[in-house]
Amino acid sequence: MHFVWIKDDHAYLIPVGDIHIGDRAFAKKSLKKLKGYIEWVEERDNARILLMGDIFNVATRNSATTPFQTMSLKEEMEFALELFEPVKSKIIGAIDGNHEYRAIDYMDYSPLIPFCHALGIKYFEYSAAILFGVGRKNKGHKGKKLIRPNILYTIYAHHTTGGGSTIGGRINRVDKLRQIVVNADIYLGAHNHALITAPADVYVFDPLHKKVVRQRQYLVDCGSYLEWNGSYAEKRMYPPLKIGSPRIRLDGVRKDVHVSI
């Protein structure tokens with residue numbers, strides 16, 4: 001599990017995925033939107049980014065995506081490094097998506113590995129379990145004064161697999177993550193390019209206090225940066241989707257999650 005601690009009274013997490021740098025549909029509007037999120041994070045000490053996969057398009061001669069796109073993989077890498085260099089200290093890390101899997105399948109090596117190495121960020125590979133602390137509190141222990149996060153949030157992120165042309169089908173892919181890690185506060189998924197959030201309540205055992213308690217969980221589909229006209233989505237009769245990323249606010253005074261899409 002990877003630990004993050006923001007000592008402010010609130011924090012923001014921006015999961016960014018399905019950029020598909022190099023795809024023709026990653027165009028002017030997409031780039032402007034992405035740069036807006038990056039600048040927003042750069043201006044705030046309490047904001048962090050998690051990269052959700054499909055950062056690169058990785059089009060090959062045998063892939064579903066035609067190799068006749070706007071950039072080579074080398075150019076995609078250089079472009080991505082230039083984009084994220086200003087906020088590299090605020091990027092928690094990156095997970096692979098199915099487009100990175102194309103390179104892994106051919107040569108057992110993800111293009112995210114050198115990308116993460118160049119930026120000095122964590123490479124999570126397939127999924128990420130994150131303990132996100134927000135706020136601070138003083139607590140004495142054996143005569144010593146300890147400073148700890150006031151609120152802890154648990155997050156499980158995966159690029160996810162499978163398709164879905166309906167809203168329900170898309171968010172169901174994120175919901176499947178609850179079968180892997182059952183008691184996270186937030187589940188992050190990508191892959192289907194939708195911006196969706198849904199709450200889900202469960203009851204969990206609290207053995208410390210000898211009772212069963214209710215837990216609110218948040219399912220978040222993390223969007224994309226591909227425009228619709230002339231895209232793979234238009235070709236396959238998929239509906240146009242809002243481009244961008246969710247903004248997740250984590251309160252550091254009381255446990256509270258707010259997802260803006």
# chains A, B, ... in the order shown; residues from 1 in each chain; ligands from 1

$ closest_atom_pairs --of "segment 82-162 of chain A" --to "segment 175-182 of chain A" --cutoff "9 Å" --atoms "only C-alpha atoms" --output "tab-separated table"
residue	atom	partner	partner_atom	distance
A:Ala129	CA	A:Val181	CA	8.9
A:Tyr156	CA	A:Val181	CA	7.2
A:Ala157	CA	A:Leu177	CA	8.2
A:His158	CA	A:Leu177	CA	7.8
A:Thr160	CA	A:Leu177	CA	8.2

$ residues_around --residues "Thr166 of chain A" --least-positions-apart "3" --cutoff "10 Å" --atoms "only C-alpha atoms" --output "JSON, numbers by chain"
{"A": [163, 169, 170, 171, 172, 194, 238, 239]}

$ closest_residue --among "A:Leu31, A:Leu152, A:Val4, A:Val202" --to "Gly244 of chain A" --atoms "only C-alpha atoms"
A:Leu31

$ residues_around --residues "Ile151 of chain A" --least-positions-apart "6" --cutoff "9 Å" --atoms "only C-alpha atoms" --output "count of residues only"
11

$ residues_around --residues "Arg102 of chain A" --least-positions-apart "4" --cutoff "7 Å" --atoms "only C-alpha atoms" --output "ChimeraX atom specification"
/A:58,98,106

$ write_last_selection --atoms "N, CA and C atoms" --output "compact mmCIF listing (two decimals), in the first residue's frame"
# COMPACT_ATOMS: atom_id res chain seq x y z
N VAL A 58 0.12 4.00 -28.18
CA VAL A 58 0.82 2.74 -28.50
C VAL A 58 0.11 2.00 -29.65
N ASN A 98 -4.75 -0.63 -21.00
CA ASN A 98 -4.70 -1.65 -22.05
C ASN A 98 -3.84 -1.23 -23.24
N TYR A 106 4.13 -7.33 -26.51
CA TYR A 106 5.13 -7.51 -27.55
C TYR A 106 6.54 -7.71 -26.98

$ residues_around --residues "segment 112-128 of chain A" --least-positions-apart "5" --cutoff "8 Å" --atoms "only C-alpha atoms" --output "list in words"
Met1, His2, Met77, Leu81, Glu85, Lys88, Ser89, Ile91, Ile92, Gly93, Ala94, Ile95, Asp96, Gly97, Glu100, Ile155, Tyr156, Ala157, His158 and His159 of chain A

$ write_last_selection --atoms "N, CA and C atoms" --output "short mmCIF file (atom, residue, chain, number, x, y, z; two decimals), in the first residue's frame"
data_model
loop_
_atom_site.label_atom_id
_atom_site.label_comp_id
_atom_site.auth_asym_id
_atom_site.auth_seq_id
_atom_site.Cartn_x
_atom_site.Cartn_y
_atom_site.Cartn_z
N MET A 1 0.85 -1.20 0.00
CA MET A 1 0.00 0.00 0.00
C MET A 1 0.88 1.25 0.00
N HIS A 2 0.52 2.20 -0.83
CA HIS A 2 1.27 3.45 -0.96
C HIS A 2 0.63 4.52 -0.08
N MET A 77 6.08 9.84 -25.80
CA MET A 77 6.80 9.90 -24.53
C MET A 77 7.33 11.30 -24.27
N LEU A 81 6.15 13.75 -21.15
CA LEU A 81 7.12 14.24 -20.17
C LEU A 81 7.09 15.76 -20.08
N GLU A 85 5.97 17.42 -16.50
CA GLU A 85 7.16 17.87 -15.78
C GLU A 85 6.85 18.93 -14.71
N LYS A 88 5.43 17.10 -11.52
CA LYS A 88 5.94 15.76 -11.21
C LYS A 88 5.99 15.48 -9.72
N SER A 89 6.21 16.51 -8.90
CA SER A 89 6.26 16.31 -7.44
C SER A 89 4.87 16.07 -6.86
N ILE A 91 2.50 14.13 -8.54
CA ILE A 91 1.93 12.91 -9.13
C ILE A 91 2.22 11.73 -8.22
N ILE A 92 1.19 11.08 -7.74
CA ILE A 92 1.35 9.93 -6.84
C ILE A 92 2.02 8.78 -7.57
N GLY A 93 1.62 8.54 -8.80
CA GLY A 93 2.18 7.45 -9.58
C GLY A 93 1.29 7.14 -10.77
N ALA A 94 1.59 6.02 -11.43
CA ALA A 94 0.86 5.66 -12.65
C ALA A 94 0.62 4.16 -12.71
N ILE A 95 -0.55 3.79 -13.26
CA ILE A 95 -0.86 2.39 -13.50
C ILE A 95 -0.99 2.17 -15.01
N ASP A 96 -0.73 0.95 -15.44
CA ASP A 96 -0.84 0.62 -16.86
C ASP A 96 -2.29 0.54 -17.30
N GLY A 97 -2.51 0.89 -18.58
CA GLY A 97 -3.79 0.68 -19.22
C GLY A 97 -3.65 -0.33 -20.34
N GLU A 100 -0.97 0.51 -22.92
CA GLU A 100 0.38 0.15 -22.49
C GLU A 100 0.58 -1.36 -22.54
N ILE A 155 -8.05 3.97 -0.99
CA ILE A 155 -8.38 4.10 -2.41
C ILE A 155 -7.82 2.90 -3.16
N TYR A 156 -8.65 2.29 -4.01
CA TYR A 156 -8.17 1.22 -4.87
C TYR A 156 -8.42 1.63 -6.32
N ALA A 157 -7.35 1.61 -7.13
CA ALA A 157 -7.44 2.07 -8.53
C ALA A 157 -6.97 0.99 -9.48
N HIS A 158 -7.69 0.85 -10.58
CA HIS A 158 -7.35 -0.12 -11.64
C HIS A 158 -7.86 0.46 -12.95
N HIS A 159 -7.15 0.21 -14.05
CA HIS A 159 -7.62 0.71 -15.34
C HIS A 159 -8.94 0.05 -15.73
#

$ atom_distance --atom1 "atom CA of Pro199 of chain A" --atom2 "atom CA of Lys211 of chain A"
22.6 Å

$ select_by_dssp --residues "segment 30-257 of chain A" --states "helix (DSSP H, G or I)" --output "compact mmCIF listing (two decimals) with N, CA and C atoms, in the first residue's frame"
# COMPACT_ATOMS: atom_id res chain seq x y z
N SER A 30 -8.97 18.71 -26.39
CA SER A 30 -8.49 17.77 -25.39
C SER A 30 -7.26 18.31 -24.68
N LEU A 31 -6.31 18.79 -25.46
CA LEU A 31 -5.06 19.30 -24.90
C LEU A 31 -5.31 20.50 -23.99
N LYS A 32 -6.18 21.40 -24.42
CA LYS A 32 -6.50 22.57 -23.60
C LYS A 32 -7.11 22.15 -22.27
N LYS A 33 -8.00 21.15 -22.32
CA LYS A 33 -8.64 20.65 -21.10
C LYS A 33 -7.61 20.04 -20.16
N LEU A 34 -6.73 19.20 -20.70
CA LEU A 34 -5.72 18.55 -19.88
C LEU A 34 -4.77 19.57 -19.26
N LYS A 35 -4.33 20.54 -20.04
CA LYS A 35 -3.44 21.57 -19.51
C LYS A 35 -4.13 22.36 -18.40
N GLY A 36 -5.43 22.54 -18.51
CA GLY A 36 -6.18 23.23 -17.46
C GLY A 36 -6.12 22.50 -16.13
N TYR A 37 -6.27 21.17 -16.17
CA TYR A 37 -6.18 20.37 -14.93
C TYR A 37 -4.76 20.44 -14.37
N ILE A 38 -3.76 20.32 -15.24
CA ILE A 38 -2.38 20.34 -14.78
C ILE A 38 -2.05 21.67 -14.12
N GLU A 39 -2.47 22.77 -14.73
CA GLU A 39 -2.23 24.09 -14.15
C GLU A 39 -2.98 24.26 -12.83
N TRP A 40 -4.18 23.70 -12.75
CA TRP A 40 -4.98 23.79 -11.51
C TRP A 40 -4.25 23.09 -10.37
N VAL A 41 -3.70 21.91 -10.65
CA VAL A 41 -2.94 21.18 -9.63
C VAL A 41 -1.66 21.91 -9.28
N GLU A 42 -0.99 22.45 -10.27
CA GLU A 42 0.28 23.16 -10.05
C GLU A 42 0.10 24.34 -9.09
N LEU A 73 5.71 6.41 -30.80
CA LEU A 73 5.75 6.21 -29.34
C LEU A 73 6.83 7.09 -28.71
N LYS A 74 7.94 7.25 -29.38
CA LYS A 74 9.01 8.13 -28.87
C LYS A 74 8.49 9.56 -28.72
N GLU A 75 7.75 10.03 -29.71
CA GLU A 75 7.20 11.38 -29.66
C GLU A 75 6.12 11.49 -28.59
N GLU A 76 5.32 10.44 -28.43
CA GLU A 76 4.31 10.42 -27.36
C GLU A 76 4.97 10.57 -25.99
N MET A 77 6.08 9.84 -25.80
CA MET A 77 6.80 9.90 -24.53
C MET A 77 7.33 11.30 -24.27
N GLU A 78 7.97 11.90 -25.26
CA GLU A 78 8.54 13.23 -25.10
C GLU A 78 7.44 14.26 -24.81
N PHE A 79 6.31 14.12 -25.48
CA PHE A 79 5.19 15.05 -25.28
C PHE A 79 4.63 14.92 -23.87
N ALA A 80 4.46 13.67 -23.39
CA ALA A 80 3.92 13.43 -22.05
C ALA A 80 4.86 13.95 -20.97
N LEU A 81 6.15 13.75 -21.15
CA LEU A 81 7.12 14.24 -20.17
C LEU A 81 7.09 15.76 -20.08
N GLU A 82 6.97 16.42 -21.21
CA GLU A 82 6.89 17.88 -21.21
C GLU A 82 5.62 18.36 -20.52
N LEU A 83 4.51 17.66 -20.75
CA LEU A 83 3.24 18.05 -20.13
C LEU A 83 3.28 17.95 -18.61
N PHE A 84 3.81 16.82 -18.10
CA PHE A 84 3.69 16.54 -16.67
C PHE A 84 4.92 16.96 -15.84
N GLU A 85 5.97 17.42 -16.50
CA GLU A 85 7.16 17.87 -15.78
C GLU A 85 6.85 18.93 -14.71
N PRO A 86 5.99 19.94 -14.98
CA PRO A 86 5.74 20.98 -13.97
C PRO A 86 5.07 20.48 -12.69
N VAL A 87 4.40 19.30 -12.76
CA VAL A 87 3.69 18.81 -11.57
C VAL A 87 4.21 17.44 -11.13
N LYS A 88 5.43 17.10 -11.52
CA LYS A 88 5.94 15.76 -11.21
C LYS A 88 5.99 15.48 -9.72
N SER A 89 6.21 16.51 -8.90
CA SER A 89 6.26 16.31 -7.44
C SER A 89 4.87 16.07 -6.86
N LYS A 90 3.83 16.29 -7.66
CA LYS A 90 2.45 16.14 -7.19
C LYS A 90 1.74 14.93 -7.81
N ASN A 98 -4.75 -0.63 -21.00
CA ASN A 98 -4.70 -1.65 -22.05
C ASN A 98 -3.84 -1.23 -23.24
N HIS A 99 -3.66 0.08 -23.45
CA HIS A 99 -2.79 0.51 -24.54
C HIS A 99 -1.33 0.31 -24.18
N GLU A 100 -0.97 0.51 -22.92
CA GLU A 100 0.38 0.15 -22.49
C GLU A 100 0.58 -1.36 -22.54
N TYR A 101 -0.48 -2.12 -22.31
CA TYR A 101 -0.39 -3.59 -22.37
C TYR A 101 0.08 -4.05 -23.76
N ARG A 102 -0.24 -3.28 -24.80
CA ARG A 102 0.19 -3.66 -26.14
C ARG A 102 1.71 -3.81 -26.20
N ALA A 103 2.42 -2.85 -25.61
CA ALA A 103 3.88 -2.92 -25.58
C ALA A 103 4.34 -4.06 -24.69
N ILE A 104 3.66 -4.25 -23.56
CA ILE A 104 4.02 -5.33 -22.64
C ILE A 104 3.86 -6.68 -23.34
N ASP A 105 2.80 -6.82 -24.12
CA ASP A 105 2.53 -8.08 -24.82
C ASP A 105 3.61 -8.37 -25.87
N TYR A 106 4.13 -7.33 -26.51
CA TYR A 106 5.13 -7.51 -27.55
C TYR A 106 6.54 -7.71 -26.98
N MET A 107 6.87 -6.97 -25.91
CA MET A 107 8.27 -7.00 -25.45
C MET A 107 8.43 -7.05 -23.94
N LEU A 112 5.35 3.04 -19.60
CA LEU A 112 5.20 3.83 -18.37
C LEU A 112 6.41 3.69 -17.46
N ILE A 113 7.19 2.62 -17.60
CA ILE A 113 8.36 2.44 -16.73
C ILE A 113 9.39 3.54 -16.94
N PRO A 114 9.86 3.79 -18.17
CA PRO A 114 10.81 4.91 -18.34
C PRO A 114 10.17 6.28 -18.09
N PHE A 115 8.87 6.39 -18.37
CA PHE A 115 8.16 7.65 -18.11
C PHE A 115 8.17 7.96 -16.61
N CYS A 116 7.81 6.97 -15.79
CA CYS A 116 7.80 7.16 -14.34
C CYS A 116 9.22 7.40 -13.81
N HIS A 117 10.18 6.68 -14.36
CA HIS A 117 11.57 6.85 -13.94
C HIS A 117 12.05 8.27 -14.23
N ALA A 118 11.72 8.79 -15.40
CA ALA A 118 12.15 10.14 -15.80
C ALA A 118 11.55 11.22 -14.89
N LEU A 119 10.31 11.00 -14.45
CA LEU A 119 9.64 11.98 -13.59
C LEU A 119 9.90 11.72 -12.11
N ILE A 167 -24.48 3.65 -19.43
CA ILE A 167 -23.94 4.21 -18.19
C ILE A 167 -23.81 3.13 -17.13
N GLY A 168 -24.85 2.29 -17.01
CA GLY A 168 -24.81 1.22 -16.02
C GLY A 168 -23.70 0.22 -16.28
N GLY A 169 -23.52 -0.14 -17.56
CA GLY A 169 -22.48 -1.09 -17.91
C GLY A 169 -21.10 -0.57 -17.60
N ARG A 170 -20.90 0.73 -17.80
CA ARG A 170 -19.58 1.33 -17.54
C ARG A 170 -19.26 1.37 -16.05
N ILE A 171 -20.19 1.85 -15.25
CA ILE A 171 -19.90 1.96 -13.81
C ILE A 171 -19.85 0.58 -13.16
N ASN A 172 -20.49 -0.42 -13.78
CA ASN A 172 -20.40 -1.79 -13.26
C ASN A 172 -18.98 -2.33 -13.33
N ARG A 173 -18.18 -1.86 -14.30
CA ARG A 173 -16.78 -2.29 -14.37
C ARG A 173 -16.01 -1.80 -13.15
N VAL A 174 -16.33 -0.60 -12.69
CA VAL A 174 -15.70 -0.07 -11.47
C VAL A 174 -16.20 -0.83 -10.25
N ASP A 175 -17.48 -1.12 -10.24
CA ASP A 175 -18.08 -1.83 -9.11
C ASP A 175 -17.43 -3.20 -8.91
N LYS A 176 -16.94 -3.82 -9.98
CA LYS A 176 -16.28 -5.13 -9.86
C LYS A 176 -15.01 -5.06 -9.02
N LEU A 177 -14.44 -3.88 -8.89
CA LEU A 177 -13.23 -3.74 -8.07
C LEU A 177 -13.52 -4.04 -6.60
N ARG A 178 -14.79 -3.91 -6.20
CA ARG A 178 -15.14 -4.20 -4.81
C ARG A 178 -15.08 -5.69 -4.51
N GLN A 179 -14.97 -6.51 -5.54
CA GLN A 179 -14.78 -7.95 -5.33
C GLN A 179 -13.31 -8.29 -5.09
N TYR A 232 -12.52 6.71 -33.02
CA TYR A 232 -12.90 5.31 -32.92
C TYR A 232 -14.32 5.19 -32.36
N ALA A 233 -14.68 6.08 -31.44
CA ALA A 233 -16.02 6.05 -30.84
C ALA A 233 -17.09 6.33 -31.88
N GLU A 234 -16.86 7.32 -32.73
CA GLU A 234 -17.83 7.60 -33.79
C GLU A 234 -17.93 6.42 -34.75
N LYS A 235 -16.79 5.84 -35.10
CA LYS A 235 -16.76 4.69 -36.02
C LYS A 235 -17.57 3.53 -35.47

$ atom_distance --atom1 "atom CA of Met237 of chain A" --atom2 "atom CA of Ile196 of chain A"
19.8 Å

$ atom_distance --atom1 "atom CA of Gly223 of chain A" --atom2 "atom CA of Ile19 of chain A"
9.1 Å

$ closest_residue --among "A:Tyr109, A:Ala25, A:Pro149, A:His20" --to "Lys7 of chain A" --atoms "only C-alpha atoms"
A:Pro149

$ residues_around --residues "Ile243 of chain A" --least-positions-apart "2" --cutoff "7 Å" --atoms "only C-alpha atoms" --output "PyMOL selection string"
chain A and resi 223-226+241

$ write_last_selection --atoms "N, CA and C atoms" --output "PDB file, in the first residue's frame"
ATOM      1  N   GLY A 223     -13.088   9.172 -16.831  1.00  0.00           N
ATOM      2  CA  GLY A 223     -13.119  10.014 -18.017  1.00  0.00           C
ATOM      3  C   GLY A 223     -12.017   9.744 -19.023  1.00  0.00           C
ATOM      4  N   SER A 224     -11.891  10.635 -20.010  1.00  0.00           N
ATOM      5  CA  SER A 224     -10.864  10.494 -21.048  1.00  0.00           C
ATOM      6  C   SER A 224     -10.626  11.849 -21.709  1.00  0.00           C
ATOM      7  N   TYR A 225      -9.702  11.847 -22.679  1.00  0.00           N
ATOM      8  CA  TYR A 225      -9.352  13.082 -23.384  1.00  0.00           C
ATOM      9  C   TYR A 225      -9.415  12.887 -24.905  1.00  0.00           C
ATOM     10  N   LEU A 226     -10.349  12.069 -25.362  1.00  0.00           N
ATOM     11  CA  LEU A 226     -10.528  11.870 -26.790  1.00  0.00           C
ATOM     12  C   LEU A 226     -11.798  12.570 -27.267  1.00  0.00           C
ATOM     13  N   LEU A 241     -18.917  11.512 -25.247  1.00  0.00           N
ATOM     14  CA  LEU A 241     -18.802  11.617 -23.799  1.00  0.00           C
ATOM     15  C   LEU A 241     -18.069  12.901 -23.424  1.00  0.00           C
TER      16      LEU A 241
END

$ closest_residue --among "A:Ala190, A:Val220, A:Ala11, A:Ala184" --to "Ile261 of chain A" --atoms "only C-alpha atoms"
A:Val220

$ residues_around --residues "Ile21 of chain A" --least-positions-apart "5" --cutoff "7 Å" --atoms "only C-alpha atoms" --output "VMD selection string"
chain A and resid 26 55 to 57 76

$ write_last_selection --atoms "C-alpha atoms" --output "short mmCIF file (atom, residue, chain, number, x, y, z; two decimals), in the first residue's frame"
data_model
loop_
_atom_site.label_atom_id
_atom_site.label_comp_id
_atom_site.auth_asym_id
_atom_site.auth_seq_id
_atom_site.Cartn_x
_atom_site.Cartn_y
_atom_site.Cartn_z
CA PHE A 26 -6.50 13.82 -28.78
CA ILE A 55 -1.42 7.79 -21.22
CA PHE A 56 0.12 6.70 -24.53
CA ASN A 57 -1.75 5.44 -27.59
CA GLU A 76 4.31 10.42 -27.36
#

$ decode --residues "segment 200-212 of chain A" --atoms "C-alpha atoms" --output "JSON list (two decimals), in the first residue's frame"
[["chain", "number", "residue", "atom", "x", "y", "z"],
["A", 200, "ALA", "CA", -22.56, 2.60, -2.54],
["A", 201, "ASP", "CA", -23.18, 1.77, 1.12],
["A", 202, "VAL", "CA", -22.09, -1.46, 2.81],
["A", 203, "TYR", "CA", -21.94, -2.81, 6.36],
["A", 204, "VAL", "CA", -18.51, -3.85, 7.65],
["A", 205, "PHE", "CA", -17.29, -5.44, 10.87],
["A", 206, "ASP", "CA", -15.62, -3.15, 13.41],
["A", 207, "PRO", "CA", -13.92, -5.72, 15.71],
["A", 208, "LEU", "CA", -12.23, -3.01, 17.80],
["A", 209, "HIS", "CA", -15.62, -1.69, 18.97],
["A", 210, "LYS", "CA", -17.40, -5.06, 18.60],
["A", 211, "LYS", "CA", -20.08, -3.90, 16.18],
["A", 212, "VAL", "CA", -21.09, -3.69, 12.54]]
